[in-house]
Every structure is written in C-alpha cells, then in structure tokens.
Amino acid sequence: MATSTGLLLLLLLLGQPWVGTSVDTEAVVCGGTACYTAHWGKLSAAEAQDHCQSNGGNLATVKSEEEAQHVQQALAQLLTPEKALAARFGKFWIGLQREKGKCLDPSLPLKGFAWVGGGEDTAYTNWHKEVRSSCISRRCVALLLDLSQPPLPGRFPKWSEGPCGNPSTPGSSIEGFVCKFSFKGMCRPLALGGPGQVTYNTPFKAISSSLEAVPFASMAYVSCGDRATDKSHNILCREKGPGVFEWGTPGPFCVNPELGCSFNNGGCEQDCFEGGDGSFRCGCRPGFRLLDDLVSCASRNPCSSSPCSGEATCVPGPHREDFMCRCPSGYQLDASQLSCEDVDECQASPCAQQCVNTPGGFRCECWVGYEPGGPGEAACRDVDECAPSRTPCAQNCTNTDGSFHCSCREGYVLAGEDGTQCQDVNECEGLGSSRCDSLCLNTQGSFLCGCLPGWELAADGVSCTMGPVPPRSPTGLPQEEDQEEREGSTIPPAAASSPTGGSEGTSQVAPTSGRPSLLFRVPITSAPPEMLTHSGPPGIRTESRTHHPMAATGHWDSAAGGSVDTKRDDGTDGQKLLLFYILGTVVAILLLLALALGLLVYRKRRAKQEGKKERPPQSAADTYSWVPERAESRASENPYSPTPGTDC
C-alpha cells in the first residue's frame, strides 16, 4: 500500500507544476462530487470543449440550483474587481448544445438541447429569452454575465443560445467558458494547528489553496512556519473504504508548541485540549467520535447527518456504526440505497380493466363504454347506451359489451357521419323502379304501386291486370263518368293527361282504339310529383317487400273505371291539385301569348312612324296617298303576291 501511494505521489509531482507557490492559477470550486473551473478565452464552443476534455472533463452542466451556485462561485473568483472589464456583457460557454438538423421542441424544458456529457433531460432551466426554432445549424448555450461587476449571490447567470462559432469567429461577446470534472468522492480540507499554508494540486491540473472539498487523488502540499515542529508535508487524498475518502497522514499539521490551542483551535474541528509540555490534542463533544485524521468529528448517530433523501427515512444500525434507509409503502430504494423511487403497481395488473400508476400508489379506471359498478358488483359494468334516456340512435339501438350499434327499420338506411341517423330509401328510383309493374309512389319507409287506366292492381300489390270495360253512355263516356259530369264533378275534362300518369293526383286517359277511357286514382302524399313514375309495361311482376300498403288496403273498382280505391279523400285532393296545375299552366300560356301579341303590334306601329319620317313631301301632290301606305309597303316587298286581306 505504501509503495502504490509513493508511486502515485511521484507521478502527480512529475505531472504538475512546482507546488511551492501560493498563487491560484485559475478559478476553481469543488462541491458534492464535482469541481468547476472558470476560464478566460475567446474560443469557439468546440475549442472550449476540447480544452475541458483534455483535462478529463466536459463543458459544465447546470442541472440544478446547487450546480448553478457552484458555477456562479467559480465565475465570481474569475471576475474579481481587479479583473473587471468595462461596463458590457460577456458570455461563457457551458455544455448545452443542439445538433444541426434537430429542431426546437417547446414541450421539453431544454427545448431540444442536450448536455455534451450525456445524461437525462433535466427539469431545471434558466433561459434568458425564447429559443429560436432554427434547425439548419448547430446551436450552443452560454451564460450571460455583466462583466463590470462580479455575479451577485442568488442571481444565477441566464442562459443565452446562439451559433457555436469557429476558430476565426468564436461567437458574439464570447469571453470564456466553464468546465466540470466529476470524481468518486472528496476529502475534507486540511486543518493547520499553527502558521502555514496548504496548496492543493488537483488531477485536472488546477491549483488552489482554498477548496471547501478536495477531489479524490488530489495532492496537498503543506508549508509550515519557522517555529513549527515539522516544516512541510505532501499528503494524498485516497479512498479508505467504499465511499470513505481521507488523507494519507493524520493531522493536525504545523503544530506550534508556543501557540497551542490558541491558533485556529489547534486545527481541531470541535475541542482542543492542551498538555503540560506545550502539546495538545483534539477531542469531540458527547455524541460524536474522533475520526482517523485526529482533527475531525463524526456523530455517533449515523443518521445525524441526514444521509437519506426524499421519502427515505434513516434507521441506525444495531451498533450505531452504520445505517440504512427505509421507504414508505408504494416506494422502494433506488440504486444509491439512499433515496426512494415510486413502485409501479400496475405491473402486477391489479385492476380488472385499466390501471393508472400514481406516486406511492395506483388507481383503477374503466374503459370507454363501461362505468364503475356499485357496492357488491364487479369493478366495472357495461354502460347501456341504448337506454331511453341516452340512446344516440334515431330508430333501432342494440347494446353490446362496452359499445352499441344502430340500425334502421325496413325502408330506411343508416346515414350521418356517426352512423346514428336513418334516411328513407326511395324504392321508386334506380334499381328499385322495377318493384311495380306500372306506377310507383315512394312513401316514408315504404312505397305504393298503381296501374294505368284500364288496368287493375292484382292481389300481390305490384302486378297489373286488364280490367273489365265499363258500359258507355250515349255521350261516349263510361256511365259512371257521364253521371259525374252531369252532377258537376270537380274533375273537368281538361284534367286529362297522358297514359303514363306521371304526375300526382288523378289522371285520365282519352279513349283510344275504341276503348273507353279509365280514371286512375293514386293517393296524394307530401312526396314530390316526380316520385310517381311508370316503372314498366303491365305484365312484369317484381316484388321485393312482404308488405305493400296498396296491396293490403287498395282494391280495384271495375264500376268506377278500374281505379285504385285507397284513401278517397286523398284522391279528391289530388284531382283538385291537378286541376289547379292545368289551369295555372293555361293562364301562364295565355299571358305569354298576349305579351307577344302586344309586342308585335308595338313594333309595327313604330316601324310605320319611322317610315313617315323618312319620306318628307316634295310637292303638293305628294301629300295625297292613293293606296294605303301599309299595302304599298307590302307590295314593295312582294309585288307579285299580295297579302291576303289587304285592300288593293
């Protein structure tokens, strides 16, 4: 062990500058398990990273307020009042960068940036302003400082992102950079029992005489005063046991018998006891014990220093020499065995459906379409979406396990974006037009079949058969129609239409080929007139429904001329509506004819007046007209063929 220690000491002395000087060569601060160094230098971010890496570190991370405080202390040592510059701002690189092609991610605290040394995306940030969303170049982060005065405690430097620079142009306002070096552990600073000075030579080539913690493998050079019992020491910080780091030689150092405990309390941490011959020794208060360096004290209760963090509770060992951390229910110890982490109870599938992990526990939830059950029931039960108070379907609703589906009655199809509404099927259009042999009328959810005059609807409700010819009256009309004509029927002769019967209401067919004309009645509904169409010649039978309203309720009345007798009130209304359409059409045609005739007369009179103006009289004889001027104009147009009805 002594040989290895001596070899390490020799290597450190050969690799470091002479340690007899007391001047700090750079700003360095150590705390926890890391050291931070601040440097002057107008370098690009890549050059600064190379400088830190050559000494075993990286550009500094600032992952917490504790780290921000260490970095601020290093910058405060660098920006002393003697080194303060003019009143202007400067920037110091840290290890937060975003590679080219990686864009801004506003949902993350670091906005898509990452630490050059690796590690997780930390939550602590201190941005100066909004980060640019540029993805076409590499971006780096620097600390923004007022160089006219040292940083103020508690006001940590802001983060400013920008181009990473290059050797010729390091970047706008770049003045230096901050490095970070991590270690297994730290030793306490050496305590002096008399006048003297300690200089620490760190593994990352930083030299300082004022460190609050000294990194593992550092060398301490102790230089004592003239009256000290020993003049100098070279001491190494080494690992005594797992997680225990102490100096290789116990203290105190530079003991002066003349001063005893009066100088720096003899270098003791707690109590100093003087001997009769000018010597002294260190002691500890009740509840503490003296450590192997003979100057430091540690609590006899290992939990007095609160070694456990977070939710963990410290429990002393059986001999109060060690301790262990315990976690509450729902937590377990992490890899360090000093803190607790949440247990994901959902890994064991404790819920019937969905499990949501929470800090220290979990909760069960139901899937969509289910709801929590009541006392004594299963954890989740199906929601009946088809209940009368909540059904979303327009017509039929079928509940399923965790869901539902809608359907429509016969004659309707599903419609709407969510498939919950129903739309009527027009059976008289497209392929459905062949449902009836002759005439088809669409209704809500169904359809009606009819036949042309002279035909009657068969028992199947869709076919048409030849009806009996009714006897004719002396007037040439069937007896029933002749009787209605004499009694002042509301159906005038002008209501006759084509044999196709393509409009609503009642239609008549004029006698052809010696056959009597037959009256066809179809119930009039709110459907448009074009819904009643002729779907084929009589004799073609097609049936696609088991229910036909006309087949169930309608019948042929041979005495009435082979008409479909359904709702006679609706038939009468249809007759009136057809009569209204015909009369309206006749009136409109007459109005158009009158307008055209008036326009023609107006043009002829206008032409006559213009003709008179073009021929002014040349003599007294010219004022006489032997023939009408209108006839003369006609004769000039065709002298060989006078217009009939014109006076010659």
# chains A, B, ... in the order shown; residues from 1 in each chain; ligands from 1
>>> select_by_dssp(residues="segment 48-191 of chain A", states="alpha helix (DSSP H)", output="VMD selection string")
chain A and resid 48 to 54 65 to 78
>>> write_last_selection(atoms="N, CA and C atoms", output="JSON list (two decimals), in the first residue's frame")
[["chain", "number", "residue", "atom", "x", "y", "z"],
["A", 48, "ALA", "N", -13.52, 25.12, -26.73],
["A", 48, "ALA", "CA", -13.66, 25.09, -25.28],
["A", 48, "ALA", "C", -13.91, 23.67, -24.78],
["A", 49, "GLN", "N", -14.73, 22.90, -25.50],
["A", 49, "GLN", "CA", -14.98, 21.51, -25.12],
["A", 49, "GLN", "C", -13.69, 20.69, -25.20],
["A", 50, "ASP", "N", -12.87, 20.92, -26.22],
["A", 50, "ASP", "CA", -11.60, 20.20, -26.34],
["A", 50, "ASP", "C", -10.67, 20.52, -25.17],
["A", 51, "HIS", "N", -10.66, 21.78, -24.72],
["A", 51, "HIS", "CA", -9.81, 22.16, -23.59],
["A", 51, "HIS", "C", -10.24, 21.43, -22.33],
["A", 52, "CYS", "N", -11.56, 21.40, -22.07],
["A", 52, "CYS", "CA", -12.06, 20.71, -20.87],
["A", 52, "CYS", "C", -11.80, 19.21, -20.97],
["A", 53, "GLN", "N", -11.98, 18.65, -22.15],
["A", 53, "GLN", "CA", -11.84, 17.21, -22.32],
["A", 53, "GLN", "C", -10.39, 16.77, -22.18],
["A", 54, "SER", "N", -9.45, 17.64, -22.56],
["A", 54, "SER", "CA", -8.04, 17.27, -22.44],
["A", 54, "SER", "C", -7.62, 17.09, -20.99],
["A", 65, "GLU", "N", -30.17, 24.03, -9.07],
["A", 65, "GLU", "CA", -29.75, 25.28, -8.44],
["A", 65, "GLU", "C", -28.43, 25.11, -7.70],
["A", 66, "GLU", "N", -28.18, 23.91, -7.15],
["A", 66, "GLU", "CA", -26.91, 23.66, -6.47],
["A", 66, "GLU", "C", -25.75, 23.78, -7.45],
["A", 67, "GLU", "N", -25.91, 23.20, -8.64],
["A", 67, "GLU", "CA", -24.86, 23.33, -9.65],
["A", 67, "GLU", "C", -24.73, 24.78, -10.12],
["A", 68, "ALA", "N", -25.84, 25.46, -10.26],
["A", 68, "ALA", "CA", -25.79, 26.86, -10.68],
["A", 68, "ALA", "C", -25.03, 27.70, -9.66],
["A", 69, "GLN", "N", -25.18, 27.37, -8.38],
["A", 69, "GLN", "CA", -24.45, 28.10, -7.34],
["A", 69, "GLN", "C", -22.95, 27.82, -7.42],
["A", 70, "HIS", "N", -22.54, 26.58, -7.67],
["A", 70, "HIS", "CA", -21.11, 26.26, -7.81],
["A", 70, "HIS", "C", -20.50, 27.00, -9.01],
["A", 71, "VAL", "N", -21.22, 27.01, -10.14],
["A", 71, "VAL", "CA", -20.71, 27.70, -11.33],
["A", 71, "VAL", "C", -20.61, 29.20, -11.06],
["A", 72, "GLN", "N", -21.59, 29.75, -10.36],
["A", 72, "GLN", "CA", -21.55, 31.18, -10.04],
["A", 72, "GLN", "C", -20.35, 31.51, -9.15],
["A", 73, "GLN", "N", -20.05, 30.64, -8.19],
["A", 73, "GLN", "CA", -18.89, 30.88, -7.33],
["A", 73, "GLN", "C", -17.58, 30.85, -8.12],
["A", 74, "ALA", "N", -17.46, 29.94, -9.09],
["A", 74, "ALA", "CA", -16.26, 29.90, -9.92],
["A", 74, "ALA", "C", -16.13, 31.16, -10.76],
["A", 75, "LEU", "N", -17.24, 31.64, -11.32],
["A", 75, "LEU", "CA", -17.19, 32.87, -12.11],
["A", 75, "LEU", "C", -16.88, 34.08, -11.23],
["A", 76, "ALA", "N", -17.36, 34.06, -9.98],
["A", 76, "ALA", "CA", -17.08, 35.18, -9.06],
["A", 76, "ALA", "C", -15.59, 35.25, -8.75],
["A", 77, "GLN", "N", -14.93, 34.08, -8.62],
["A", 77, "GLN", "CA", -13.49, 34.09, -8.41],
["A", 77, "GLN", "C", -12.75, 34.63, -9.64],
["A", 78, "LEU", "N", -13.29, 34.32, -10.83],
["A", 78, "LEU", "CA", -12.64, 34.78, -12.05],
["A", 78, "LEU", "C", -12.83, 36.27, -12.26]]
>>> atom_distance(atom1="atom CA of Asp401 of chain A", atom2="atom CA of Cys351 of chain A")
18.3 Å
>>> residues_around(residues="Trp115 of chain A", least_positions_apart="5", cutoff="9 Å", atoms="only C-alpha atoms", output="PDB file with N, CA and C atoms, in the first residue's frame")
ATOM      1  N   LEU A  59     -17.502  20.565 -20.866  1.00  0.00           N
ATOM      2  CA  LEU A  59     -18.130  21.849 -20.563  1.00  0.00           C
ATOM      3  C   LEU A  59     -19.191  21.628 -19.487  1.00  0.00           C
ATOM      4  N   ALA A  60     -19.325  22.578 -18.591  1.00  0.00           N
ATOM      5  CA  ALA A  60     -20.104  22.394 -17.361  1.00  0.00           C
ATOM      6  C   ALA A  60     -21.586  22.174 -17.649  1.00  0.00           C
ATOM      7  N   THR A  61     -22.208  21.359 -16.811  1.00  0.00           N
ATOM      8  CA  THR A  61     -23.663  21.216 -16.781  1.00  0.00           C
ATOM      9  C   THR A  61     -24.221  22.101 -15.680  1.00  0.00           C
ATOM     10  N   ILE A  94     -21.194  26.919 -21.747  1.00  0.00           N
ATOM     11  CA  ILE A  94     -21.467  25.735 -20.925  1.00  0.00           C
ATOM     12  C   ILE A  94     -21.797  24.589 -21.879  1.00  0.00           C
ATOM     13  N   GLY A  95     -21.987  23.384 -21.349  1.00  0.00           N
ATOM     14  CA  GLY A  95     -22.108  22.195 -22.201  1.00  0.00           C
ATOM     15  C   GLY A  95     -23.499  21.869 -22.671  1.00  0.00           C
ATOM     16  N   LEU A  96     -24.315  22.873 -23.025  1.00  0.00           N
ATOM     17  CA  LEU A  96     -25.669  22.629 -23.529  1.00  0.00           C
ATOM     18  C   LEU A  96     -25.696  22.989 -25.009  1.00  0.00           C
ATOM     19  N   GLN A  97     -25.956  21.994 -25.867  1.00  0.00           N
ATOM     20  CA  GLN A  97     -25.882  22.201 -27.312  1.00  0.00           C
ATOM     21  C   GLN A  97     -27.016  21.466 -28.014  1.00  0.00           C
ATOM     22  N   ARG A  98     -27.319  21.924 -29.241  1.00  0.00           N
ATOM     23  CA  ARG A  98     -28.331  21.269 -30.087  1.00  0.00           C
ATOM     24  C   ARG A  98     -27.711  21.049 -31.465  1.00  0.00           C
ATOM     25  N   GLU A 120     -29.807  12.622 -18.648  1.00  0.00           N
ATOM     26  CA  GLU A 120     -31.212  12.804 -18.918  1.00  0.00           C
ATOM     27  C   GLU A 120     -31.553  14.269 -19.171  1.00  0.00           C
ATOM     28  N   ASP A 121     -32.757  14.484 -19.687  1.00  0.00           N
ATOM     29  CA  ASP A 121     -33.255  15.832 -19.942  1.00  0.00           C
ATOM     30  C   ASP A 121     -33.744  16.413 -18.623  1.00  0.00           C
TER      31      ASP A 121
END
>>> atom_distance(atom1="atom CA of Lys100 of chain A", atom2="atom CA of Glu175 of chain A")
24.0 Å
>>> residues_around(residues="segment 191-201 of chain A", least_positions_apart="6", cutoff="6 Å", atoms="only C-alpha atoms", output="PyMOL selection string")
chain A and resi 207-209+218-225+252-256+263+266-267
>>> residues_around(residues="segment 138-140 of chain A", least_positions_apart="6", cutoff="10 Å", atoms="only C-alpha atoms", output="PyMOL selection string")
chain A and resi 44-46+93-103+113-114+132+159-165
>>> select_by_dssp(residues="segment 333-426 of chain A", states="strand (DSSP E or B)", output="ChimeraX atom specification")
/A:333,340-342,354-358,361-365,370-372,380-382,396-400,403-407,412-415,421-424
>>> write_last_selection(atoms="C-alpha atoms", output="PDB file, in the first residue's frame")
ATOM      1  CA  LEU A 333     -34.908   2.175  -2.584  1.00  0.00           C
ATOM      2  CA  CYS A 340     -36.722   6.217  -2.732  1.00  0.00           C
ATOM      3  CA  GLU A 341     -38.389   5.740  -6.071  1.00  0.00           C
ATOM      4  CA  ASP A 342     -42.024   5.030  -6.860  1.00  0.00           C
ATOM      5  CA  GLN A 354     -57.265  -0.002 -16.772  1.00  0.00           C
ATOM      6  CA  CYS A 355     -54.622   0.789 -14.133  1.00  0.00           C
ATOM      7  CA  VAL A 356     -53.121   4.284 -13.598  1.00  0.00           C
ATOM      8  CA  ASN A 357     -49.931   4.476 -11.549  1.00  0.00           C
ATOM      9  CA  THR A 358     -49.659   7.355  -9.051  1.00  0.00           C
ATOM     10  CA  GLY A 361     -49.991   4.088  -5.180  1.00  0.00           C
ATOM     11  CA  PHE A 362     -52.334   3.488  -8.129  1.00  0.00           C
ATOM     12  CA  ARG A 363     -55.978   3.779  -9.129  1.00  0.00           C
ATOM     13  CA  CYS A 364     -58.286   1.689 -11.310  1.00  0.00           C
ATOM     14  CA  GLU A 365     -60.362   3.118 -14.147  1.00  0.00           C
ATOM     15  CA  TYR A 370     -68.028   0.927 -19.007  1.00  0.00           C
ATOM     16  CA  GLU A 371     -68.691   2.581 -15.675  1.00  0.00           C
ATOM     17  CA  PRO A 372     -67.724   1.766 -12.074  1.00  0.00           C
ATOM     18  CA  CYS A 380     -66.694  -2.150 -13.973  1.00  0.00           C
ATOM     19  CA  ARG A 381     -70.042  -2.776 -15.621  1.00  0.00           C
ATOM     20  CA  ASP A 382     -71.251  -2.197 -19.156  1.00  0.00           C
ATOM     21  CA  ASN A 396     -83.182   0.957 -33.522  1.00  0.00           C
ATOM     22  CA  CYS A 397     -80.349   0.637 -30.985  1.00  0.00           C
ATOM     23  CA  THR A 398     -78.606  -2.609 -29.974  1.00  0.00           C
ATOM     24  CA  ASN A 399     -76.428  -2.558 -26.874  1.00  0.00           C
ATOM     25  CA  THR A 400     -73.203  -4.573 -26.934  1.00  0.00           C
ATOM     26  CA  SER A 403     -70.408  -0.373 -27.057  1.00  0.00           C
ATOM     27  CA  PHE A 404     -73.563  -0.316 -29.212  1.00  0.00           C
ATOM     28  CA  HIS A 405     -74.670  -0.186 -32.845  1.00  0.00           C
ATOM     29  CA  CYS A 406     -77.585   1.489 -34.630  1.00  0.00           C
ATOM     30  CA  SER A 407     -79.914   0.034 -37.258  1.00  0.00           C
ATOM     31  CA  TYR A 412     -84.538   3.179 -44.265  1.00  0.00           C
ATOM     32  CA  VAL A 413     -80.728   3.116 -44.345  1.00  0.00           C
ATOM     33  CA  LEU A 414     -78.137   4.438 -41.870  1.00  0.00           C
ATOM     34  CA  ALA A 415     -76.932   7.980 -42.520  1.00  0.00           C
ATOM     35  CA  GLN A 421     -79.398   8.625 -38.219  1.00  0.00           C
ATOM     36  CA  CYS A 422     -81.786   6.973 -40.687  1.00  0.00           C
ATOM     37  CA  GLN A 423     -82.689   8.101 -44.202  1.00  0.00           C
ATOM     38  CA  ASP A 424     -85.687   6.969 -46.259  1.00  0.00           C
TER      39      ASP A 424
END
>>> atom_distance(atom1="atom CA of Glu311 of chain A", atom2="atom CA of Tyr331 of chain A")
8.2 Å
